[in-house]
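S.K.: Below you'll find the structure I mean.
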Amino acid sequence: MSPSISPPFKWGWRALILVMGLVMSFWDAPLHAQNILPNGDFEQYSTLPNMFGQYYYCNGWNNLNAAGTPDYLHMLGSGTGALPNPLPATVSPYSGQAVMGLFTYHGTQYDLREYISSPLSTPMIPGKTYKVSFYITNGSANHIAGYSTNGIGALFTVGQIYQSTWAPLNLIPQLLYPNQIWNTGWQLVDFIYTADSAYTHITLGSFFNNATIGITYQVPSIYTQFDAGYYFFDKVEVIPITMQVSNDTTICAGDSIMLMASGGYAYSWVDSLNPNVQLFNDSIFAVAPTTTTTYHVNGWYDTATVTVHILPEEIALGADTTICPQDTVLLLASLEDGTYLWSDQSTDSQLLVTQPGLYWVDVQFACGTAKDTIVIDHIAPPQISLGPDTAICPQDTLSLSVAQSGWTYQWQDQSNTVQYPASQTGLYWVMATDQCGSQDTDSIWISHIPPPVVRLGIDTAICPHDTLLLNPQVSNVSFTWQDQSVQSQFHASQPGWYWVEISDLCGQTDRDSLQLLHRPLPVVDLGPDTLLCLGDTIQLDFTNPQAAYLWNGNPHVPIVEIDNWGTYWAEATTICGTDRDTLLVAGSVIPSFQLGPDTSLCPGETLLLSADLPFAYATWQGQFSQTTFLVDTPTYVQLVLEDACEIAHFTQQVRYGWIPDIDLGRDTFLCTDASMTWSVPDSADWILWQDQSSSPSFTAYTSGIYHVQVGTECGEDSDTLTIESDPLIDWTLGPDGILCPDQIWEVDASLAQGQILWADGYDQVLRPIEFAGIYEATMNHVCGIKTDTLNLVQGRMPFADLGPDTMICPGDMMVLSSPDSGATYRWSDQSTDETLTIQLPGVYHIEVWNACGMRADGIEIWEADCRCRMFIANAFTPNGDAHNERFGPRLTCGVTQYQFEIYNSWGEQIFQSLDPELAWDGTYLRQGVQEGVYTYLLRYTFESGISQTRAGTVVLIR
């Protein structure tokens with residue numbers, strides 16, 4: 001039976017308490033590893049410094065007993081040993097109250113280097129990874145050393161190193177910052193380093209000599225001619241990188257737990273089941289394994305492991321089983337802290353079973369309730385069987401067996417083997433005893449299999465289309481026939497000898513054979529269809545052995561005589577089938593044959609003549625013996641037909657006609673007072689011209705479309721011809737026109753069957769003209785001579801100028817215009833007048849078109865400060881009465897620019913003034929102009945800077 005468990009919850013109080021306990025125990029552990037450099041922040045001292053060079057006051061640090069004197073500086077110090085304004089530079093500690101300073105380069109003291117060194121609290125562990133870091137700065141101001149240098153790093157050694165000079169150490173540091181450092185603030189320098197030895201001391205400084213060091217001037221020194229590199233150090237740390245992870249724990253199946261890790265720079269979780277598959281990448285990982293699982297977390301430089309054990313979900317009493325009636329079984333159901341209830345209501349962790357039956361147990365434990373069931377049964381007494389009585393081959397042995405694990409046996413001959421070989425006929429028996437002592441007996445009678453017998457029957461005969469089934473009807477044998485086939489039956493259809501050999505399972509064989517013959521099929525053959533002349537007879541014989549006969553559907557003897565035309569049939573039937581034949585007996589058809597009347601063919605046609613008559617032979621033209629004759633040329637046809645009864649001669653005349661092919665020629669023209677005549681063959685059956693006339697010829701005197709149709713017995717044809725009028729009448733150089741700037745006027749003066757002669761000697765019919773003028777040409781043509789002229793006037797592009805951007809006073813109207821004689825207009829509001837009256841500021845556009853193209857312009861109108869105004873009339877009367885004699889604008893303010901123009905209706909300027917005091921008096925070239933409407937254009941700029949353009953019309957009245 002399958003065990004089961006019923007957990008009372010998934011995220012219940014047990015999971016919550018487990019997670020909270022894990023979190024509390026985990027965070028009780030230190031989250032950051034200890035710095036193994038004891039006084040890395042320089043806070044511990046024996047005495048506060050009062051001047052530079054007192055490195056020895058800082059506990060644990062030394063200068064390698066060299067000539068260099070690093071500086072210990074403190075916020076509580078005094079003199080040049082006080083921060084933040086010591087002698088080297090102004091600086092405040094990165095953390096705490098103290099720093100250490102040293103020279104990395106000195107321009108006047110060759111190869112001077114200063115170092116600080118300290119022992120580690122514990123030796124480094126080879127293969128262990130450490131984070132090594134320090135903060136460094138050049139100071140914020142008042143630098144005595146204004147150079148940056150490189151070569152700054154950290155050297156780890158086993159034991160303290162010493163030297164007696166200030167020269168650079170002749171050792172290669174494990175950690176070296178690659179670049180020069182210059183920073184007026186604190187800069188973190190950190191390294192990740194895996195120790196390769198059990199180092200005990202660290203030394204900081206510059207490890208390059210003057211020949212290899214890189215220096216860069218950064219700021220001027222507060223001392224003249226003092227070039228050096230100087231740096232402050234603070235918060236030096238050597239920290240082992242150690243991963244910490246949650247403790248191993250146990251949870252119930254189906255519960256979850258939070259795994260926590262610290263001490264890494266990145267986290268990658270995997271489990272023992274799939275170590276190459278990342279499951280999560282954060283420090284806290286929620287897991288819910290179904291089986292006990294080990295998790296590994298990689299923190300970049302270290303790895304930690306935690307195992308989550310799963311309390312079992314089930315108990316197992318074992319598989320159902322059987323026991324001997326006298327035996328017992330002890331069932332165990334032990335679970336930690338469990339309480340038990342068995343099917344007999346006992347409460348122990350185990351149960352002793354003595355009787356068969358169904359047993360179960362319920363266990364209450366920390367993760368819920370588990371249950372299992374088992375069925376225990378008694379081993380049944382043995383029941384053996386040697387099988388039914390049987391027969392075997394005489395040479396075979398039958399192995400008798402009743403094998404069962406744990407049993408013993410006794411055979412009829414007192415042997416006790418598991419199997420017994422039986423080869424002789426007789427009675428065999430065995431008695432079996434099982435592991436519990438119970439017994440059973442069985443017996444079997446064994447005999448020998450007799451040899452097989454096969455019989456195919458007597459020889460026989462069948463009809464050719466029949467099949468004889470040879471079926472020996474013998475079982476438990478294999479068959480081999482005369483064609484080596486092996487089926488149990490054989491279908492025989494062809495005459496011949498057939499045999500079969502059988503073989504049983506014992507290899508015993510027998511054979512038999514049979515001869516098969518064919519009975520003949522009936523055959524009726526009346527011969528081919530034939531011709532019977534008048535007075536003749538035909539005798540037929542269709543005798544078959546052992547047959548019955550029909551003649552034209554009636555019983556009859558197989559010998560008949562025919563003396564008349566018709567269709568006859570005979571049928572003979574035997575045991576193997578029926579055969580029938582039909583005979584056509586006909587008379588001669590030559591007397592009724594007709595070849596046909598004389599006829600005509602058209603070109604390309606053929607005539608197929610046929611004389612396919614039964615029993616007759618045809619001869620064409622005295623030499624061709626065939627049933628058909630093809631006529632494809634005019635000929636006189638002769639045919640002779642002959643059969644056994646008749647001979648006859650036939651003739652036919654075959655002639656050929658013609659197909660019209662009409663061509664009136666190409667389309668052409670007809671000169672004035674000329675004519676043109678066409679003709680068609682007069683042998684046509686019919687002729688029809690476009691005017692319904694039918695003469696073989698036709699004469700045209702005028703232009704038009706001419707058409708003729710001609711027909712014969714073999715077909716018809718037609719043609720159409722168009723005759724144009726005298727082309728010289730319509731020939732010209734084209735209409736006069738305007739030649740625009742940069743335009744080339746193309747003239748095509750070509751005319752078929754004509755020759756051009758230009759007045760200026762130009763000799764081509766296609767002429768490009770670049771200049772305005774009058775051009776003359778003469779055309780010499782078959783129909784006469786004609787002269788024409790072309791007048792090209794020089795054109796220009798249209799004028800589009802709305803003037804400069806200007807202003808408009810609120811409430812005023814302004815007329816925009818760009819006058820151009822003969823032009824058309826399109827404004828930005830799609831209007832097409834010559835002028836546009838506006839009242840609002842904005843951007844306005846105009847397109848001006850004429851025969852030569854288009855020009856466009858735009859103007860922007862702003863709203864103006866209108867304390868300065870312009871007034872202008874729309875009519876004046878220069879008639880000498882001293883009233884309204886002049887026309888011009890009146891301006892209320894002074895102007896810096898002024899232009900006033902008058903144009904007549906032809907667009908010609910007739911007046912211009914650059915003086916606001918000078919108005920138009922109605923004259924042009926000192927002569928008074930006619931009454932009418934004139935256009936003005938006014939441009940001006942007030943002293944305030946406002947520019948305006950006005951255009952409009954004025955009526956002059958005398």
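Every chain in the structure tokens has a letter given in the order shown (A, B, ...), and although residue numbers restart at 1 in each chain, ligands are simply numbered from 1 in the order shown.
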Quick one: residues within 12 Å of Arg519 in chain A, only C-alpha atoms counted, chain neighbours fewer than 4 positions away excluded, as a PyMOL selection string?

M.R.: chain A and resi 460-466+493-495+545-546+574-577

S.K.: Just to be explicit: take each residue in the selection above, keep C-alpha atoms, and write the result as a tab-separated table (two decimals), in the first residue's frame.

M.R.:
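Writing the result to result.tsv gives the following:
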chain	number	residue	atom	x	y	z
A	460	THR	CA	-8.82	-36.15	-63.59
A	461	ALA	CA	-9.65	-33.63	-66.38
A	462	ILE	CA	-11.02	-30.04	-66.21
A	463	CYS	CA	-12.03	-27.32	-68.64
A	464	PRO	CA	-9.20	-24.91	-69.62
A	465	HIS	CA	-10.72	-22.01	-67.74
A	466	ASP	CA	-11.39	-24.00	-64.53
A	493	SER	CA	-5.27	-25.00	-63.62
A	494	GLN	CA	-2.72	-26.21	-66.20
A	495	PRO	CA	-2.49	-29.81	-67.47
A	545	PRO	CA	-17.48	-33.00	-80.63
A	546	GLN	CA	-20.17	-33.51	-78.00
A	574	THR	CA	-20.08	-28.07	-74.67
A	575	ILE	CA	-19.43	-28.80	-70.99
A	576	CYS	CA	-16.51	-26.31	-71.08
A	577	GLY	CA	-18.41	-23.40	-72.58

S.K.: List the neighbours of Val454 in chain A out to 12 Å using only C-alpha atoms; skip same-chain residues closer than 3 positions along the sequence, and give me the result as an MDAnalysis selection string.

M.R.: chainID A and resid 451 457 470:475 477:480 488 499:504 508:513

S.K.: Suppose we keep N, CA, C and O atoms; can you now write the selection as a short mmCIF file (atom, residue, chain, number, x, y, z; two decimals), in the first residue's frame?

M.R.:
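File again-v5.cif, as written:
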data_model
loop_
_atom_site.label_atom_id
_atom_site.label_comp_id
_atom_site.auth_asym_id
_atom_site.auth_seq_id
_atom_site.Cartn_x
_atom_site.Cartn_y
_atom_site.Cartn_z
N PRO A 451 3.03 -41.48 -37.61
CA PRO A 451 3.47 -40.82 -38.86
C PRO A 451 2.26 -40.33 -39.65
O PRO A 451 1.18 -40.90 -39.60
N GLY A 457 -6.06 -37.92 -54.43
CA GLY A 457 -7.18 -38.42 -55.22
C GLY A 457 -6.70 -38.99 -56.56
O GLY A 457 -5.50 -39.02 -56.87
N LEU A 470 -6.54 -28.68 -54.85
CA LEU A 470 -5.93 -29.86 -54.24
C LEU A 470 -5.80 -29.59 -52.75
O LEU A 470 -5.04 -28.70 -52.33
N ASN A 471 -6.57 -30.30 -51.93
CA ASN A 471 -6.62 -30.03 -50.49
C ASN A 471 -6.47 -31.35 -49.74
O ASN A 471 -7.42 -32.10 -49.55
N PRO A 472 -5.22 -31.66 -49.25
CA PRO A 472 -4.98 -32.95 -48.58
C PRO A 472 -5.71 -33.08 -47.26
O PRO A 472 -5.93 -34.17 -46.78
N GLN A 473 -6.05 -31.96 -46.59
CA GLN A 473 -6.78 -31.96 -45.31
C GLN A 473 -6.04 -32.76 -44.25
O GLN A 473 -6.59 -33.65 -43.61
N VAL A 474 -4.73 -32.42 -44.10
CA VAL A 474 -3.91 -33.04 -43.05
C VAL A 474 -3.44 -31.89 -42.16
O VAL A 474 -2.94 -30.88 -42.65
N SER A 475 -3.58 -32.05 -40.83
CA SER A 475 -3.22 -30.99 -39.89
C SER A 475 -1.89 -31.28 -39.22
O SER A 475 -1.42 -32.43 -39.21
N VAL A 477 1.13 -30.53 -39.98
CA VAL A 477 2.23 -30.91 -40.85
C VAL A 477 2.61 -29.71 -41.70
O VAL A 477 1.86 -28.73 -41.82
N SER A 478 3.78 -29.79 -42.32
CA SER A 478 4.19 -28.79 -43.31
C SER A 478 4.09 -29.41 -44.69
O SER A 478 4.17 -30.63 -44.84
N PHE A 479 3.90 -28.57 -45.75
CA PHE A 479 3.66 -29.04 -47.11
C PHE A 479 4.75 -28.54 -48.03
O PHE A 479 5.23 -27.40 -47.90
N THR A 480 5.10 -29.38 -49.01
CA THR A 480 5.98 -28.97 -50.10
C THR A 480 5.39 -29.51 -51.39
O THR A 480 5.26 -30.73 -51.57
N SER A 488 -1.00 -25.02 -47.53
CA SER A 488 -1.67 -26.29 -47.24
C SER A 488 -2.57 -26.73 -48.38
O SER A 488 -3.00 -27.89 -48.42
N TRP A 499 2.26 -32.98 -57.37
CA TRP A 499 2.56 -33.81 -56.20
C TRP A 499 2.77 -32.93 -54.97
O TRP A 499 3.05 -31.73 -55.06
N VAL A 500 2.63 -33.57 -53.77
CA VAL A 500 2.84 -32.89 -52.51
C VAL A 500 3.51 -33.85 -51.55
O VAL A 500 3.26 -35.06 -51.57
N GLU A 501 4.40 -33.27 -50.73
CA GLU A 501 5.06 -34.05 -49.68
C GLU A 501 4.77 -33.35 -48.36
O GLU A 501 4.92 -32.13 -48.24
N ILE A 502 4.36 -34.15 -47.33
CA ILE A 502 4.05 -33.57 -46.02
C ILE A 502 5.08 -34.05 -45.02
O ILE A 502 5.66 -35.13 -45.18
N SER A 503 5.31 -33.19 -43.98
CA SER A 503 6.26 -33.54 -42.92
C SER A 503 5.68 -33.03 -41.61
O SER A 503 5.27 -31.86 -41.51
N ASP A 504 5.64 -33.95 -40.56
CA ASP A 504 5.09 -33.51 -39.29
C ASP A 504 6.19 -32.96 -38.40
O ASP A 504 7.35 -32.86 -38.81
N GLN A 508 8.57 -36.94 -39.70
CA GLN A 508 8.02 -38.06 -40.43
C GLN A 508 7.31 -37.52 -41.69
O GLN A 508 6.59 -36.52 -41.62
N THR A 509 7.47 -38.18 -42.87
CA THR A 509 6.97 -37.64 -44.14
C THR A 509 6.10 -38.66 -44.85
O THR A 509 6.12 -39.87 -44.56
N ASP A 510 5.31 -38.12 -45.90
CA ASP A 510 4.53 -38.94 -46.82
C ASP A 510 4.34 -38.13 -48.09
O ASP A 510 4.41 -36.88 -48.06
N ARG A 511 4.10 -38.81 -49.29
CA ARG A 511 3.99 -38.11 -50.58
C ARG A 511 2.89 -38.77 -51.40
O ARG A 511 2.65 -39.96 -51.31
N ASP A 512 2.20 -37.91 -52.33
CA ASP A 512 1.21 -38.42 -53.27
C ASP A 512 1.23 -37.50 -54.49
O ASP A 512 1.66 -36.34 -54.41
N SER A 513 0.74 -38.04 -55.68
CA SER A 513 0.74 -37.25 -56.91
C SER A 513 -0.56 -37.47 -57.66
O SER A 513 -1.31 -38.41 -57.40
#

S.K.: Counting only C-alpha atoms, which of A:Asn85, A:Ile213, A:Ser197, A:Val557 gets nearest to Tyr147 in chain A?

M.R.: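 Smallest distance to Tyr147 in chain A is found for A:Ile213.
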
S.K.: Using DSSP assignments from the backbone, pull out every residue in range 173-324 of chain A that falls under strand (DSSP E or B) and give it to me as a ChimeraX atom specification.

M.R.: /A:175-176,181,187-194,201-206,215-217,228-240,244-245,249-252,257-262,268-271,280,284-287,293-298,303-311,321-323

S.K.: Do you have the CA of Asp41 in chain A-CA of Val236 in chain A distance handy?

M.R.: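 Atom-to-atom, CA of Asp41 in chain A to CA of Val236 in chain A, that is 6.0 Å.
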
S.K.: Have a look at A:Cys893, A:Leu721, A:Ile861, A:Val654 and name the one nearest to Phe669 in chain A; count only C-alpha atoms.

M.R.: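 With only C-alpha atoms as the atom set, the closest residue is A:Leu721.
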
S.K.: Name all residues at most 8 Å from Tyr701 in chain A (count only C-alpha atoms; drop same-chain ones fewer than 6 positions away) and give them as a short mmCIF file (atom, residue, chain, number, x, y, z; two decimals) with C-alpha atoms, in the first residue's frame.

M.R.:
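Wrote it out as part.cif, contents follow:
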data_model
loop_
_atom_site.label_atom_id
_atom_site.label_comp_id
_atom_site.auth_asym_id
_atom_site.auth_seq_id
_atom_site.Cartn_x
_atom_site.Cartn_y
_atom_site.Cartn_z
CA LEU A 670 -3.54 65.60 -103.43
CA ASP A 673 -6.38 70.93 -109.08
CA ALA A 674 -4.77 67.42 -109.33
CA SER A 675 -6.42 63.91 -109.57
CA MET A 676 -5.54 60.23 -108.86
#

S.K.: Figure out the distance between CA of Ala570 in chain A and CA of Gly535 in chain A, please, to one decimal in Å.

M.R.: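 Taking CA of Gly535 in chain A and CA of Ala570 in chain A, their separation equals 23.4 Å.
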
S.K.: Residues within 7 Å of range 362-366 of chain A, please, as a list in words. Count only C-alpha atoms; anything in the same chain fewer than 4 positions from it doesn't count.

M.R.: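 Counting only C-alpha atoms, the residues come to Asp337, Gly338, Thr339, Tyr340, Leu341, Trp342, Ala370 and Lys371 of chain A.
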
S.K.: With distances taken over only C-alpha atoms, which residue among A:Ala145, A:Ile241, A:Gly107, A:Thr165 lies nearest Tyr193 in chain A?

M.R.: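 Ranking A:Ala145, A:Ile241, A:Gly107, A:Thr165 by distance to Tyr193 in chain A, first place goes to A:Ile241.
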
S.K.: When you count only C-alpha atoms, which of these residues is closest to Gln187 in chain A: A:Ala875, A:Lys131, A:His106, A:Pro93?

M.R.: A:Pro93

S.K.: Which residue, A:Leu273, A:Leu607, A:Leu816, A:Val710, has the smallest gap to Trp658 in chain A when you use only C-alpha atoms?

M.R.: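 Among the listed residues, the smallest separation from Trp658 in chain A belongs to A:Val710.
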
S.K.: Can you pull out the residues contacting Ser600 in chain A? Cut-off 8 Å, using only C-alpha atoms, and skip same-chain residues under 5 positions away; I want them as a PyMOL selection string.

M.R.: chain A and resi 654-657

S.K.: Mind checking which residues fall within 6 Å of Phe900 in chain A, counting only C-alpha atoms, ignoring those fewer than 4 positions away in the same chain, and posting them as an MDAnalysis selection string?

M.R.: chainID A and resid 912:913 937:938

S.K.: Please write the residues from the selection above to a file, keeping all heavy atoms, as a tab-separated table (two decimals), in the first residue's frame.

M.R.:
chain	number	residue	atom	x	y	z
A	912	GLN	N	8.16	109.85	-59.54
A	912	GLN	CA	8.89	109.32	-58.40
A	912	GLN	C	9.35	110.47	-57.54
A	912	GLN	O	9.80	111.51	-58.05
A	912	GLN	CB	10.10	108.48	-58.82
A	912	GLN	CG	10.82	107.86	-57.63
A	912	GLN	CD	12.06	107.07	-58.04
A	912	GLN	OE1	12.77	107.50	-58.93
A	912	GLN	NE2	12.27	105.94	-57.41
A	913	SER	N	9.23	110.32	-56.19
A	913	SER	CA	9.67	111.37	-55.27
A	913	SER	C	10.35	110.72	-54.09
A	913	SER	O	9.86	109.71	-53.55
A	913	SER	CB	8.48	112.20	-54.78
A	913	SER	OG	8.88	113.08	-53.75
A	937	LEU	N	2.75	103.51	-55.25
A	937	LEU	CA	3.53	102.63	-54.36
A	937	LEU	C	4.31	103.54	-53.43
A	937	LEU	O	5.09	104.39	-53.88
A	937	LEU	CB	4.48	101.73	-55.15
A	937	LEU	CG	5.36	100.81	-54.32
A	937	LEU	CD1	4.51	99.82	-53.54
A	937	LEU	CD2	6.34	100.05	-55.22
A	938	LEU	N	4.09	103.38	-52.10
A	938	LEU	CA	4.70	104.26	-51.11
A	938	LEU	C	5.49	103.41	-50.12
A	938	LEU	O	4.99	102.45	-49.55
A	938	LEU	CB	3.60	105.03	-50.36
A	938	LEU	CG	4.07	105.87	-49.16
A	938	LEU	CD1	5.02	106.97	-49.62
A	938	LEU	CD2	2.86	106.46	-48.44

S.K.: For range 730-745 of chain A, please output as an MDAnalysis selection string all residues within 12 Å (counting only C-alpha atoms; exclusion window: fewer than 2 positions along the same chain).

M.R.: chainID A and resid 724:728 747:752 754 756 758 765:781 783:798 850:854

S.K.: Measuring atom to atom with only C-alpha atoms, identify which of A:Gly127, A:Ser78, A:Leu175, A:Tyr230 is nearest to Tyr105 in chain A.

M.R.: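 Counting only C-alpha atoms, the residue closest to Tyr105 in chain A is A:Tyr230.
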
S.K.: Please report the interatomic distance between CA of Ile257 in chain A and CA of Ile284 in chain A in Å with one decimal.

M.R.: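 According to the coordinates, CA of Ile257 in chain A and CA of Ile284 in chain A are separated by 10.2 Å.
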